[in-house]
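Quick look at model_22.cif (mmCIF, C-alpha atoms):
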```cif
data_run
loop_
_atom_site.label_atom_id
_atom_site.label_comp_id
_atom_site.auth_asym_id
_atom_site.auth_seq_id
_atom_site.Cartn_x
_atom_site.Cartn_y
_atom_site.Cartn_z
CA MET Y 1 9.38 5.75 -36.63
CA ASP Y 2 6.28 7.72 -35.59
CA ARG Y 3 4.46 4.52 -34.77
CA LEU Y 4 7.33 3.31 -32.57
CA THR Y 5 7.45 6.67 -30.82
CA ALA Y 6 3.68 6.59 -30.24
CA ILE Y 7 4.04 3.37 -28.23
CA GLY Y 8 7.06 4.68 -26.32
CA GLY Y 9 9.55 2.25 -27.84
CA CYS Y 10 7.70 -0.77 -26.41
CA SER Y 11 9.83 -3.91 -26.84
CA HIS Y 12 6.99 -6.34 -27.57
CA PRO Y 13 4.00 -4.45 -29.00
CA ILE Y 14 0.70 -6.13 -29.76
CA HIS Y 15 -0.59 -5.69 -33.32
CA LEU Y 16 -4.30 -5.44 -34.14
CA SER Y 17 -6.26 -5.14 -37.36
CA GLY Y 18 -9.74 -3.66 -37.64
CA SER Y 19 -11.71 -0.47 -37.40
CA THR Y 20 -13.63 1.86 -35.09
CA THR Y 21 -16.59 3.93 -36.27
CA VAL Y 22 -18.19 6.76 -34.28
CA LEU Y 23 -21.84 7.45 -35.21
CA ASP Y 24 -24.48 10.06 -34.44
CA PRO Y 25 -27.28 7.92 -32.93
CA SER Y 26 -29.99 10.32 -34.10
CA ASN Y 27 -29.38 9.92 -37.82
CA GLY Y 28 -26.62 7.34 -38.27
CA GLU Y 29 -24.15 9.89 -39.62
CA ILE Y 30 -20.53 8.79 -39.42
CA LEU Y 31 -18.71 11.32 -37.26
CA HIS Y 32 -15.34 9.60 -37.30
CA ARG Y 33 -13.82 6.41 -38.64
CA PHE Y 34 -10.44 4.81 -38.09
CA ASP Y 35 -9.40 1.83 -40.20
CA THR Y 36 -6.04 0.07 -40.17
CA SER Y 37 -6.17 -0.38 -43.94
CA GLY Y 38 -4.50 3.02 -44.21
CA GLU Y 39 -1.82 2.28 -41.61
CA PRO Y 40 1.71 0.95 -42.28
CA GLY Y 41 1.44 -2.81 -42.48
CA GLU Y 42 -2.37 -2.43 -42.17
CA ARG Y 43 -2.21 -2.82 -38.41
CA LEU Y 44 -2.36 -0.83 -35.17
CA SER Y 45 0.38 -1.32 -32.58
CA LEU Y 46 -0.32 -1.12 -28.84
CA ARG Y 47 1.96 -1.31 -25.81
CA CYS Y 48 2.49 -4.77 -24.32
CA GLY Y 49 2.03 -3.37 -20.81
CA ASN Y 50 4.50 -5.82 -19.23
CA ARG Y 51 5.73 -4.68 -15.82
CA ARG Y 52 9.07 -6.56 -15.98
CA ALA Y 53 12.07 -4.45 -16.88
CA SER Y 54 13.77 -7.54 -18.36
CA VAL Y 55 10.88 -7.96 -20.82
CA CYS Y 56 10.04 -4.35 -21.75
CA PRO Y 57 11.97 -1.44 -20.21
CA SER Y 58 9.54 1.13 -21.62
CA CYS Y 59 6.34 -0.42 -20.26
CA SER Y 60 8.01 -1.29 -16.96
CA ARG Y 61 8.87 2.39 -16.45
CA LEU Y 62 5.22 3.26 -17.10
CA HIS Y 63 4.15 0.62 -14.57
CA ALA Y 64 6.66 1.94 -12.02
CA GLY Y 65 5.21 5.43 -12.50
CA ASP Y 66 1.69 4.15 -11.88
CA THR Y 67 2.93 2.36 -8.76
CA TYR Y 68 4.56 5.53 -7.49
CA HIS Y 69 1.31 7.51 -7.83
CA LEU Y 70 -0.75 4.67 -6.32
CA VAL Y 71 1.45 4.42 -3.22
CA ARG Y 72 1.93 8.18 -2.93
CA ALA Y 73 -1.83 8.84 -3.04
CA GLY Y 74 -2.25 6.54 -0.05
CA LEU Y 75 0.37 8.53 1.86
CA LEU Y 76 -0.32 12.13 0.84
CA GLY Y 77 -3.83 12.04 -0.59
CA GLY Y 78 -5.15 12.89 -4.03
CA ARG Y 79 -6.95 10.77 -6.63
CA ASN Y 80 -10.08 10.43 -4.48
CA VAL Y 81 -8.03 10.01 -1.29
CA PRO Y 82 -8.41 12.86 1.25
CA PHE Y 83 -5.27 14.84 1.99
CA ASP Y 84 -5.59 14.35 5.74
CA VAL Y 85 -4.36 10.73 5.41
CA ARG Y 86 -0.85 12.07 6.03
CA ASP Y 87 -1.88 12.97 9.57
CA ARG Y 88 -2.89 9.40 10.42
CA PRO Y 89 -0.80 6.64 12.02
CA ARG Y 90 1.42 5.27 9.22
CA LEU Y 91 4.42 2.98 9.15
CA PHE Y 92 6.91 1.61 6.64
CA VAL Y 93 7.43 -2.02 7.66
CA THR Y 94 9.91 -4.61 6.38
CA LEU Y 95 9.24 -8.27 7.15
CA THR Y 96 11.93 -10.80 6.27
CA ALA Y 97 12.18 -14.53 5.68
CA PRO Y 98 13.79 -16.65 8.42
CA GLY Y 99 17.19 -18.27 7.95
CA PHE Y 100 17.29 -21.60 6.12
CA GLY Y 101 21.03 -22.07 6.40
CA ALA Y 102 24.27 -20.09 6.62
CA VAL Y 103 25.06 -18.04 3.50
CA HIS Y 104 27.97 -15.82 2.52
CA ARG Y 105 27.36 -12.18 3.38
CA ALA Y 106 28.86 -8.76 2.76
CA GLY Y 107 29.42 -6.68 5.87
CA ASN Y 108 31.05 -3.26 5.36
CA GLY Y 109 34.60 -4.50 5.61
CA ALA Y 110 33.89 -7.18 8.21
CA ARG Y 111 34.72 -10.82 7.67
CA CYS Y 112 31.88 -12.91 6.27
CA ARG Y 113 31.58 -15.55 9.00
CA PRO Y 114 34.56 -15.82 11.36
CA ARG Y 115 35.52 -19.47 11.77
CA SER Y 116 33.88 -21.18 14.72
CA ARG Y 117 35.35 -23.81 17.01
CA VAL Y 118 33.77 -26.52 14.87
CA PRO Y 119 35.81 -26.41 11.66
CA ASP Y 120 33.55 -28.41 9.33
CA CYS Y 121 29.92 -29.41 9.00
CA GLY Y 122 28.69 -32.97 8.60
CA HIS Y 123 29.33 -32.74 4.85
CA GLY Y 124 32.98 -31.85 5.31
CA ARG Y 125 32.58 -28.16 4.41
CA PRO Y 126 33.82 -25.24 6.55
CA VAL Y 127 31.13 -23.71 8.74
CA GLY Y 128 32.83 -20.33 8.63
CA CYS Y 129 34.24 -17.94 6.02
CA PRO Y 130 37.14 -15.62 6.87
CA LEU Y 131 36.86 -13.57 3.66
CA VAL Y 132 35.66 -9.98 3.35
CA HIS Y 133 33.06 -9.92 0.56
CA GLU Y 134 32.24 -6.89 -1.52
CA PRO Y 135 28.49 -6.40 -2.15
CA THR Y 136 29.00 -7.38 -5.79
CA ASP Y 137 30.82 -10.62 -4.95
CA PRO Y 138 28.89 -13.51 -6.60
CA LEU Y 139 29.45 -15.59 -3.46
CA VAL Y 140 27.17 -13.29 -1.42
CA GLY Y 141 23.89 -15.06 -0.77
CA GLN Y 142 25.23 -18.52 -1.67
CA PRO Y 143 25.10 -21.24 1.04
CA LEU Y 144 28.29 -22.20 2.82
CA CYS Y 145 27.10 -25.80 2.51
CA PRO Y 146 24.28 -26.68 0.08
CA GLY Y 147 23.91 -30.01 1.84
CA CYS Y 148 23.06 -28.30 5.14
CA TYR Y 149 20.73 -25.74 3.56
CA ASP Y 150 17.01 -26.28 4.16
CA TYR Y 151 15.80 -26.08 0.56
CA PRO Y 152 12.37 -27.63 1.27
CA GLY Y 153 11.79 -25.11 4.08
CA HIS Y 154 12.77 -22.21 1.80
CA VAL Y 155 10.42 -23.37 -0.96
CA LEU Y 156 7.48 -24.01 1.39
CA TRP Y 157 7.97 -20.61 3.02
CA HIS Y 158 7.74 -18.95 -0.41
CA ALA Y 159 4.67 -20.97 -1.35
CA LEU Y 160 2.86 -19.93 1.85
CA ALA Y 161 4.11 -16.33 2.06
CA GLY Y 162 0.60 -15.09 1.25
CA ARG Y 163 -0.83 -17.00 4.20
CA LEU Y 164 1.93 -15.65 6.43
CA TRP Y 165 0.96 -12.09 5.48
CA LYS Y 166 -2.72 -12.85 6.14
CA ALA Y 167 -1.81 -14.28 9.54
CA PHE Y 168 0.21 -11.14 10.29
CA THR Y 169 -2.64 -8.76 9.44
CA ASP Y 170 -5.11 -10.86 11.45
CA ASN Y 171 -2.72 -10.81 14.40
CA LEU Y 172 -2.31 -7.05 14.00
CA HIS Y 173 -6.05 -6.53 14.42
CA HIS Y 174 -6.07 -8.77 17.49
CA HIS Y 175 -3.02 -7.19 19.13
CA LEU Y 176 -4.34 -3.67 18.55
CA ALA Y 177 -7.69 -4.67 20.01
CA ALA Y 178 -6.01 -6.08 23.12
CA ARG Y 179 -3.82 -2.98 23.57
CA THR Y 180 -6.82 -0.65 23.34
CA GLY Y 181 -9.11 -2.73 25.55
CA ARG Y 182 -11.56 -3.50 22.72
CA THR Y 183 -12.99 -6.78 21.58
CA ARG Y 184 -11.78 -8.01 18.22
CA THR Y 185 -15.16 -7.42 16.65
CA GLY Y 186 -15.46 -4.00 18.24
CA PHE Y 187 -12.02 -2.99 17.03
CA ARG Y 188 -12.73 -4.04 13.44
CA ARG Y 189 -15.91 -1.96 13.54
CA SER Y 190 -13.89 1.10 14.58
CA VAL Y 191 -10.59 0.83 12.72
CA ARG Y 192 -9.54 -0.34 9.26
CA ILE Y 193 -5.94 -1.37 8.51
CA SER Y 194 -4.98 -0.24 5.01
CA TYR Y 195 -1.74 -1.25 3.32
CA ALA Y 196 0.31 -1.49 0.14
CA LYS Y 197 3.08 -4.08 0.07
CA VAL Y 198 5.79 -5.12 -2.36
CA ALA Y 199 7.89 -8.29 -2.37
CA GLU Y 200 11.64 -8.17 -3.00
CA TYR Y 201 14.10 -11.00 -3.53
CA GLN Y 202 17.20 -10.80 -1.37
CA ARG Y 203 20.64 -11.99 -2.46
CA ARG Y 204 19.99 -15.34 -0.77
CA ALA Y 205 16.96 -15.71 -3.12
CA ALA Y 206 14.47 -15.36 -0.27
CA VAL Y 207 11.60 -12.90 -0.47
CA HIS Y 208 11.07 -10.17 2.06
CA VAL Y 209 8.15 -7.75 2.19
CA HIS Y 210 8.09 -3.94 2.35
CA ALA Y 211 4.73 -2.53 3.38
CA VAL Y 212 3.12 0.84 3.98
CA VAL Y 213 0.60 0.37 6.80
CA ARG Y 214 -2.01 3.06 7.60
CA LEU Y 215 -4.87 3.22 10.08
CA ASP Y 216 -8.25 4.51 8.87
CA GLY Y 217 -11.74 4.67 10.24
CA PRO Y 218 -14.14 1.81 9.38
CA GLU Y 219 -15.17 3.38 6.06
CA GLY Y 220 -11.63 3.62 4.69
CA PRO Y 221 -9.56 6.62 3.50
CA GLY Y 222 -12.45 9.07 3.79
CA ASP Y 223 -12.96 8.22 7.45
CA PRO Y 224 -10.31 9.25 10.05
CA PRO Y 225 -9.43 6.67 12.73
CA PRO Y 226 -10.51 7.22 16.34
CA GLY Y 227 -8.18 9.20 18.55
CA TRP Y 228 -7.39 6.26 20.84
CA VAL Y 229 -5.03 4.66 18.25
CA SER Y 230 -1.62 6.18 17.60
CA GLY Y 231 1.51 5.57 15.56
CA ASP Y 232 3.45 4.30 18.58
CA LEU Y 233 0.65 1.89 19.43
CA LEU Y 234 0.61 0.64 15.84
CA ALA Y 235 4.41 0.17 15.80
CA ASP Y 236 4.37 -1.87 19.01
CA ALA Y 237 1.52 -4.03 17.73
CA VAL Y 238 3.32 -4.68 14.44
CA ARG Y 239 6.33 -6.05 16.30
CA THR Y 240 4.35 -8.40 18.53
CA ALA Y 241 1.94 -9.43 15.75
CA ALA Y 242 4.76 -10.43 13.40
CA GLY Y 243 6.56 -12.34 16.14
CA ALA Y 244 3.41 -14.30 17.02
CA VAL Y 245 2.84 -15.70 13.50
CA SER Y 246 3.31 -19.47 13.38
CA LEU Y 247 1.78 -21.62 10.65
CA ALA Y 248 2.00 -25.35 10.13
CA SER Y 249 3.18 -26.47 6.71
CA PRO Y 250 0.96 -28.95 4.82
CA ASP Y 251 1.12 -32.45 6.24
CA SER Y 252 3.66 -34.44 4.23
CA PRO Y 253 5.18 -37.80 5.25
CA ALA Y 254 8.24 -36.97 3.16
CA LEU Y 255 8.94 -33.66 4.93
CA GLY Y 256 7.33 -33.93 8.33
CA GLU Y 257 5.62 -31.00 10.05
CA ARG Y 258 7.28 -27.61 9.88
CA ARG Y 259 6.43 -24.32 11.55
CA LEU Y 260 6.60 -21.31 9.28
CA ARG Y 261 7.36 -17.90 10.74
CA TRP Y 262 8.64 -14.47 9.78
CA GLY Y 263 12.34 -13.84 10.22
CA ALA Y 264 13.78 -12.23 13.33
CA GLN Y 265 14.86 -9.14 11.36
CA LEU Y 266 11.98 -6.69 11.46
CA ASP Y 267 12.20 -3.01 10.55
CA VAL Y 268 9.42 -0.64 11.64
CA ARG Y 269 9.81 3.02 10.72
CA PRO Y 270 7.25 5.79 11.24
CA LEU Y 271 5.96 7.99 8.45
CA THR Y 272 5.32 11.36 10.03
CA ALA Y 273 3.69 14.47 8.55
CA ASP Y 274 6.47 16.68 9.97
CA ARG Y 275 9.19 14.38 8.57
CA GLY Y 276 11.14 14.26 11.79
CA PRO Y 277 14.53 12.55 12.14
CA ASP Y 278 12.96 9.14 12.73
CA GLY Y 279 10.54 9.38 9.80
CA LEU Y 280 10.72 8.91 6.05
CA THR Y 281 9.50 11.10 3.22
CA GLU Y 282 6.34 9.92 1.50
CA GLU Y 283 7.85 10.49 -1.94
CA GLY Y 284 10.92 8.46 -0.98
CA VAL Y 285 8.83 5.51 0.17
CA ALA Y 286 6.66 5.63 -2.96
CA ALA Y 287 9.77 5.71 -5.17
CA TYR Y 288 11.32 2.83 -3.21
CA VAL Y 289 8.27 0.63 -3.71
CA ALA Y 290 7.99 1.60 -7.39
CA LYS Y 291 11.63 0.60 -7.94
CA TYR Y 292 11.03 -2.95 -6.83
CA VAL Y 293 7.67 -3.55 -8.47
CA THR Y 294 9.28 -3.95 -11.91
CA LYS Y 295 11.83 -6.47 -10.65
CA GLY Y 296 10.77 -10.08 -10.67
CA ALA Y 297 12.82 -13.14 -9.82
CA ALA Y 298 14.90 -12.87 -13.00
CA GLU Y 299 15.86 -9.22 -12.50
CA SER Y 300 16.98 -10.01 -8.95
CA GLY Y 301 19.02 -13.01 -10.04
CA ALA Y 302 16.62 -15.30 -8.18
CA GLY Y 303 14.86 -17.19 -10.93
CA LEU Y 304 13.43 -16.79 -14.43
CA ASP Y 305 10.78 -14.53 -15.94
CA ARG Y 306 8.95 -17.42 -17.60
CA ARG Y 307 7.46 -20.67 -16.41
CA LEU Y 308 9.24 -23.99 -16.85
CA THR Y 309 7.74 -26.67 -19.05
CA ASP Y 310 9.88 -29.58 -17.87
CA ALA Y 311 12.59 -30.39 -15.37
CA GLY Y 312 15.27 -30.43 -18.06
CA GLU Y 313 15.11 -26.65 -18.34
CA ILE Y 314 16.41 -26.29 -14.79
CA ALA Y 315 19.82 -27.75 -15.64
CA THR Y 316 20.36 -25.29 -18.49
CA ALA Y 317 18.92 -22.17 -16.81
CA ARG Y 318 21.38 -19.27 -16.51
CA VAL Y 319 21.11 -19.00 -12.72
CA THR Y 320 23.37 -19.58 -9.72
CA PRO Y 321 23.76 -23.12 -8.32
CA HIS Y 322 21.75 -22.00 -5.26
CA VAL Y 323 18.81 -20.82 -7.37
CA ARG Y 324 19.03 -23.95 -9.52
CA ALA Y 325 18.78 -26.08 -6.37
CA LEU Y 326 15.70 -24.15 -5.26
CA MET Y 327 14.04 -24.60 -8.66
CA ALA Y 328 14.84 -28.31 -8.60
CA CYS Y 329 13.39 -28.56 -5.09
CA CYS Y 330 10.19 -26.89 -6.31
CA TRP Y 331 9.91 -29.41 -9.12
CA ARG Y 332 10.59 -32.36 -6.83
CA LEU Y 333 8.14 -31.29 -4.11
CA GLY Y 334 5.55 -30.33 -6.71
CA GLY Y 335 5.34 -33.99 -7.67
CA LEU Y 336 4.20 -35.03 -4.18
CA PRO Y 337 0.41 -35.61 -4.12
CA GLU Y 338 0.00 -33.91 -0.74
CA LEU Y 339 1.69 -30.73 -2.01
CA ARG Y 340 0.12 -30.56 -5.46
CA HIS Y 341 -2.28 -27.82 -4.38
CA LEU Y 342 0.69 -25.49 -3.87
CA ARG Y 343 1.43 -25.64 -7.64
CA LEU Y 344 5.15 -25.65 -6.97
CA ARG Y 345 6.07 -26.82 -10.47
CA GLU Y 346 3.99 -24.04 -11.99
CA TRP Y 347 5.91 -21.51 -9.87
CA ALA Y 348 9.34 -23.15 -9.92
CA HIS Y 349 10.69 -20.27 -12.06
CA SER Y 350 10.03 -17.90 -9.11
CA LEU Y 351 11.24 -20.40 -6.49
CA GLY Y 352 7.73 -21.24 -5.27
CA PHE Y 353 6.68 -17.65 -4.61
CA ARG Y 354 3.35 -17.14 -6.34
CA GLY Y 355 2.11 -13.84 -5.00
CA ARG Y 356 1.90 -10.65 -7.01
CA LEU Y 357 4.84 -8.38 -6.34
CA LEU Y 358 2.55 -5.49 -5.34
CA THR Y 359 -0.72 -5.96 -3.48
CA THR Y 360 -2.92 -3.50 -1.63
CA SER Y 361 -5.87 -3.65 0.70
CA ARG Y 362 -9.21 -2.90 -0.94
CA ARG Y 363 -9.36 0.74 0.08
CA TYR Y 364 -5.73 1.78 0.30
CA SER Y 365 -5.91 4.38 -2.49
CA THR Y 366 -6.53 4.43 -6.23
CA THR Y 367 -6.05 1.41 -8.53
CA TYR Y 368 -3.95 0.57 -11.55
CA GLY Y 369 -7.15 0.41 -13.60
CA ALA Y 370 -8.15 3.94 -12.58
CA LEU Y 371 -4.68 5.28 -13.41
CA ARG Y 372 -4.70 3.59 -16.83
CA GLU Y 373 -8.16 4.99 -17.57
CA GLU Y 374 -7.00 8.46 -16.53
CA ARG Y 375 -4.08 8.19 -18.95
CA ALA Y 376 -6.33 6.86 -21.73
CA GLU Y 377 -8.79 9.71 -21.21
CA HIS Y 378 -5.92 12.19 -21.48
CA GLU Y 379 -4.85 10.60 -24.76
CA ARG Y 380 -8.41 10.70 -26.10
CA GLU Y 381 -8.71 14.39 -25.28
CA ARG Y 382 -5.36 15.16 -26.90
CA ASN Y 383 -5.51 12.93 -29.98
CA GLY Y 384 -9.15 11.88 -30.29
CA PRO Y 385 -11.58 13.09 -32.98
CA ASP Y 386 -13.16 16.54 -32.71
CA LEU Y 387 -16.85 15.68 -32.23
CA PRO Y 388 -19.80 18.12 -32.21
CA ASP Y 389 -20.98 19.27 -28.78
CA GLY Y 390 -24.22 17.94 -27.34
CA ILE Y 391 -23.98 14.49 -28.94
CA GLU Y 392 -23.67 11.17 -27.12
CA PRO Y 393 -22.01 9.21 -29.92
CA VAL Y 394 -22.25 5.48 -30.51
CA THR Y 395 -19.02 3.60 -31.16
CA GLU Y 396 -18.82 0.41 -33.22
CA SER Y 397 -15.52 -1.48 -33.13
CA SER Y 398 -14.21 -4.63 -34.77
CA TRP Y 399 -10.66 -5.72 -33.98
CA ARG Y 400 -8.59 -8.89 -34.21
CA TYR Y 401 -5.13 -9.90 -33.07
CA VAL Y 402 -2.63 -10.24 -35.91
CA GLY Y 403 0.69 -10.63 -34.12
CA SER Y 404 3.21 -9.19 -31.67
CA GLY Y 405 6.82 -8.14 -31.44
CA HIS Y 406 9.23 -6.38 -33.81
CA SER Y 407 11.38 -7.24 -36.75
CA PRO Y 408 15.11 -7.15 -35.86
CA GLY Y 409 15.54 -3.69 -37.36
CA ALA Y 410 12.44 -2.27 -35.67
CA ALA Y 411 13.56 -3.77 -32.35
CA LEU Y 412 16.78 -1.74 -32.49
CA LEU Y 413 14.87 1.43 -33.35
CA ALA Y 414 12.38 0.80 -30.52
CA ALA Y 415 15.20 0.27 -28.00
CA GLY Y 416 16.80 3.56 -29.07
CA ILE Y 417 13.49 5.43 -28.78
CA ALA Y 418 12.83 3.97 -25.32
CA GLU Y 419 16.32 4.96 -24.20
CA ASP Y 420 15.92 8.50 -25.55
CA LEU Y 421 12.56 8.93 -23.83
CA ALA Y 422 14.01 7.65 -20.56
CA ARG Y 423 16.92 10.11 -20.83
CA ASN Y 424 14.53 12.98 -21.58
CA ARG Y 425 12.40 12.11 -18.53
CA GLU Y 426 15.48 11.94 -16.34
CA ALA Y 427 16.71 15.30 -17.63
CA ALA Y 428 13.30 16.89 -17.04
CA ARG Y 429 13.22 15.45 -13.52
CA ASP Y 430 16.67 16.82 -12.75
CA ALA Y 431 15.76 20.24 -14.14
CA SER Y 432 12.60 20.30 -12.06
CA THR Y 433 14.50 19.31 -8.92
CA HIS Y 434 17.24 21.90 -9.40
CA GLY Y 435 14.76 24.57 -10.37
CA GLY Y 436 12.63 23.86 -7.30
CA GLY Y 437 15.70 24.02 -5.08
CA ALA Y 438 16.76 27.37 -6.48
CA GLY Y 439 13.29 28.80 -6.15
CA GLY Y 440 12.93 27.55 -2.60
CA GLY Y 441 16.21 29.20 -1.54
#
```
Would you mind writing the structure in this file as structure tokens?
Amino acid sequence: MDRLTAIGGCSHPIHLSGSTTVLDPSNGEILHRFDTSGEPGERLSLRCGNRRASVCPSCSRLHAGDTYHLVRAGLLGGRNVPFDVRDRPRLFVTLTAPGFGAVHRAGNGARCRPRSRVPDCGHGRPVGCPLVHEPTDPLVGQPLCPGCYDYPGHVLWHALAGRLWKAFTDNLHHHLAARTGRTRTGFRRSVRISYAKVAEYQRRAAVHVHAVVRLDGPEGPGDPPPGWVSGDLLADAVRTAAGAVSLASPDSPALGERRLRWGAQLDVRPLTADRGPDGLTEEGVAAYVAKYVTKGAAESGAGLDRRLTDAGEIATARVTPHVRALMACCWRLGGLPELRHLRLREWAHSLGFRGRLLTTSRRYSTTYGALREERAEHERERNGPDLPDGIEPVTESSWRYVGSGHSPGAALLAAGIAEDLARNREAARDASTHGGGAGGG
């Protein structure tokens, strides 16, 4: 039980066997030794570290916490980021995928798609839907006519979403330069665009992107931007830069040439230090991003959390018909020689989208590695050996992998421990919130 608690109730721990010896380099004296021969099962269990909530709820919560602190540091400062970043031009931007065909939608009591004058499409299906869908209705996000839906366009858009983001950020530099009367090179030498972005699957199984965008000086967070750029200027440039993106899909005789763009729905909201009525709170944005970073395609109902090994798995996958059609389209297009470089079969489980859910610019804030090292250092100080002062010890380690996962009984215990820890954290958070509110009154 203690071992399961030590790893936070991880669902799929990694088991190692071996030893670590800490020596005094001056005389070879053993200062500390840990050997798994004295441990239960003669092994040491470590967290799996998986970010997906569907794979390991415990480790995904830890990853979400790291994401929160990473994003928050870029908005409020801390962890080697100066606190004056909150006074710089900052936006919370949402970029969406374009439409690939009419889908059922929920609309706050409004009818889904009032019937048009043309009753049916070319496949004999209605082009409208008079129903009022609740948000939980399984029809929401499903095409009115799968035959009319542009599945190849949807898949190619996912496969090239990374290039679309790169084109957007390049355009943003260019549009800001034009609005400030600078050359493109001159602008890049004066201003750095820093960002953190997360991808989210919508009900129609298309990805859209939430991004925190911040302007810095050329040296990054430690360098304020020049006074001639403002939040309003940045917001206007974001709108025109996103609208100007237009990429050609790879040349394919089977598909023809397609132009890939961002969707018409674009949300640009300021992040202001005074938190005015048009702004958002930094903590709220960080929590919003952290919520989605643990959700992959499977958690959103838009795919699987593992890669497919053959096309036969698509037919038996527990997904909606719409998602199954997208996976099948990935597999089919992935067999075309001219599209092989997109690795669509390799990413068919995520509907062709192959980007990491969270990405940041090089100097946005801290990193996951730095946060993990900070946590490891805290654990070493709390639980590590008590070594004499003034010694720079030498550590000799020898470890090997001996397995992973739990027995059925241990899996139940681990799930209970993870749930208890989550409840305790939630209770502590509520107590802190209520206590802070009472004190502030």
Residues near Cys48 (chain Y), anyone? I mean within 12 Å using all atoms listed in the file, not counting same-chain ones fewer than 3 positions away, as a CSV table (one decimal) with C-alpha atoms, keeping the file's coordinate frame.
```
chain,number,residue,atom,x,y,z
Y,7,ILE,CA,4.0,3.4,-28.2
Y,8,GLY,CA,7.1,4.7,-26.3
Y,9,GLY,CA,9.6,2.2,-27.8
Y,10,CYS,CA,7.7,-0.8,-26.4
Y,11,SER,CA,9.8,-3.9,-26.8
Y,12,HIS,CA,7.0,-6.3,-27.6
Y,13,PRO,CA,4.0,-4.4,-29.0
Y,14,ILE,CA,0.7,-6.1,-29.8
Y,15,HIS,CA,-0.6,-5.7,-33.3
Y,16,LEU,CA,-4.3,-5.4,-34.1
Y,45,SER,CA,0.4,-1.3,-32.6
Y,51,ARG,CA,5.7,-4.7,-15.8
Y,52,ARG,CA,9.1,-6.6,-16.0
Y,55,VAL,CA,10.9,-8.0,-20.8
Y,56,CYS,CA,10.0,-4.4,-21.8
Y,57,PRO,CA,12.0,-1.4,-20.2
Y,58,SER,CA,9.5,1.1,-21.6
Y,59,CYS,CA,6.3,-0.4,-20.3
Y,60,SER,CA,8.0,-1.3,-17.0
Y,62,LEU,CA,5.2,3.3,-17.1
Y,63,HIS,CA,4.2,0.6,-14.6
Y,403,GLY,CA,0.7,-10.6,-34.1
Y,404,SER,CA,3.2,-9.2,-31.7
Y,405,GLY,CA,6.8,-8.1,-31.4
Y,406,HIS,CA,9.2,-6.4,-33.8
```
Could you list, as a short mmCIF file (atom, residue, chain, number, x, y, z; two decimals) with C-alpha atoms, keeping the file's coordinate frame, every residue within 6 Å of region 185-198 of chain Y, counting all atoms listed in the file and ignoring same-chain residues fewer than 6 positions away?
```
data_model
loop_
_atom_site.label_atom_id
_atom_site.label_comp_id
_atom_site.auth_asym_id
_atom_site.auth_seq_id
_atom_site.Cartn_x
_atom_site.Cartn_y
_atom_site.Cartn_z
CA ALA Y 177 -7.69 -4.67 20.01
CA VAL Y 209 8.15 -7.75 2.19
CA HIS Y 210 8.09 -3.94 2.35
CA ALA Y 211 4.73 -2.53 3.38
CA VAL Y 212 3.12 0.84 3.98
CA VAL Y 213 0.60 0.37 6.80
CA ARG Y 214 -2.01 3.06 7.60
CA LEU Y 215 -4.87 3.22 10.08
CA ASP Y 216 -8.25 4.51 8.87
CA GLY Y 217 -11.74 4.67 10.24
CA PRO Y 218 -14.14 1.81 9.38
CA PRO Y 225 -9.43 6.67 12.73
CA LEU Y 357 4.84 -8.38 -6.34
CA LEU Y 358 2.55 -5.49 -5.34
CA THR Y 359 -0.72 -5.96 -3.48
CA THR Y 360 -2.92 -3.50 -1.63
CA SER Y 361 -5.87 -3.65 0.70
CA TYR Y 364 -5.73 1.78 0.30
#
```
Which polymer residues have any atom within 12 Å of an atom of Asp170 (chain Y), counting all atoms listed in the file, with same-chain residues fewer than 3 positions away left out, as a list in words?
-> Arg163, Leu164, Trp165, Lys166, Ala167, His173, His174, His175, Leu176, Ala177, Arg184, Thr185, Phe187, Arg188, Arg192, Ile193, Ala237, Val238, Ala241, Ala242, Ala244 and Val245 of chain Y
Dump as a Markdown table the rows for residues of region 289-377 of chain Y within 9 Å of region 149-157 of chain Y: closest atom pair and distance in Å with one decimal, all atoms listed in the file counted, ordered by chain and rising residue number.
```
| residue | atom | partner | partner_atom | distance |
| --- | --- | --- | --- | --- |
| Y:Ala325 | CA | Y:Tyr151 | CA | 7.5 |
| Y:Leu326 | CA | Y:Tyr151 | CA | 6.1 |
| Y:Met327 | CA | Y:Val155 | CA | 8.6 |
| Y:Cys329 | CA | Y:Pro152 | CA | 6.5 |
| Y:Cys330 | CA | Y:Val155 | CA | 6.4 |
| Y:Leu333 | CA | Y:Pro152 | CA | 7.8 |
| Y:Leu342 | CA | Y:Leu156 | CA | 8.7 |
| Y:Leu344 | CA | Y:Val155 | CA | 8.3 |
| Y:Leu351 | CA | Y:Val155 | CA | 6.3 |
| Y:Gly352 | CA | Y:Val155 | CA | 5.5 |
| Y:Phe353 | CA | Y:Val155 | CA | 7.7 |
```
Write out as a ChimeraX atom specification the residues lying within 12 Å of region 105-114 of chain Y, counting all atoms listed in the file and excluding same-chain residues fewer than 3 positions away.
-> /Y:102,117-119,126-144,202-204
Among the residues Y:Gln265, Y:Leu247, Y:Pro321, Y:Glu219, the one that comes closest to Cys145 (chain Y) [using only C-alpha atoms] =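 Between Y:Gln265, Y:Leu247, Y:Pro321, Y:Glu219, the residue approaching Cys145 (chain Y) most closely is Y:Pro321.
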Between CA of His322 (chain Y) and CA of Ala53 (chain Y), what is the distance, to one decimal in Å?
->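 Taking CA of His322 (chain Y) as the start and CA of Ala53 (chain Y) as the end point, the length is 23.2 Å.
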So how far away is CA of Leu172 (chain Y) from CA of Trp228 (chain Y), in Å?
->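 Taking CA of Trp228 (chain Y) and CA of Leu172 (chain Y), their separation equals 15.8 Å.
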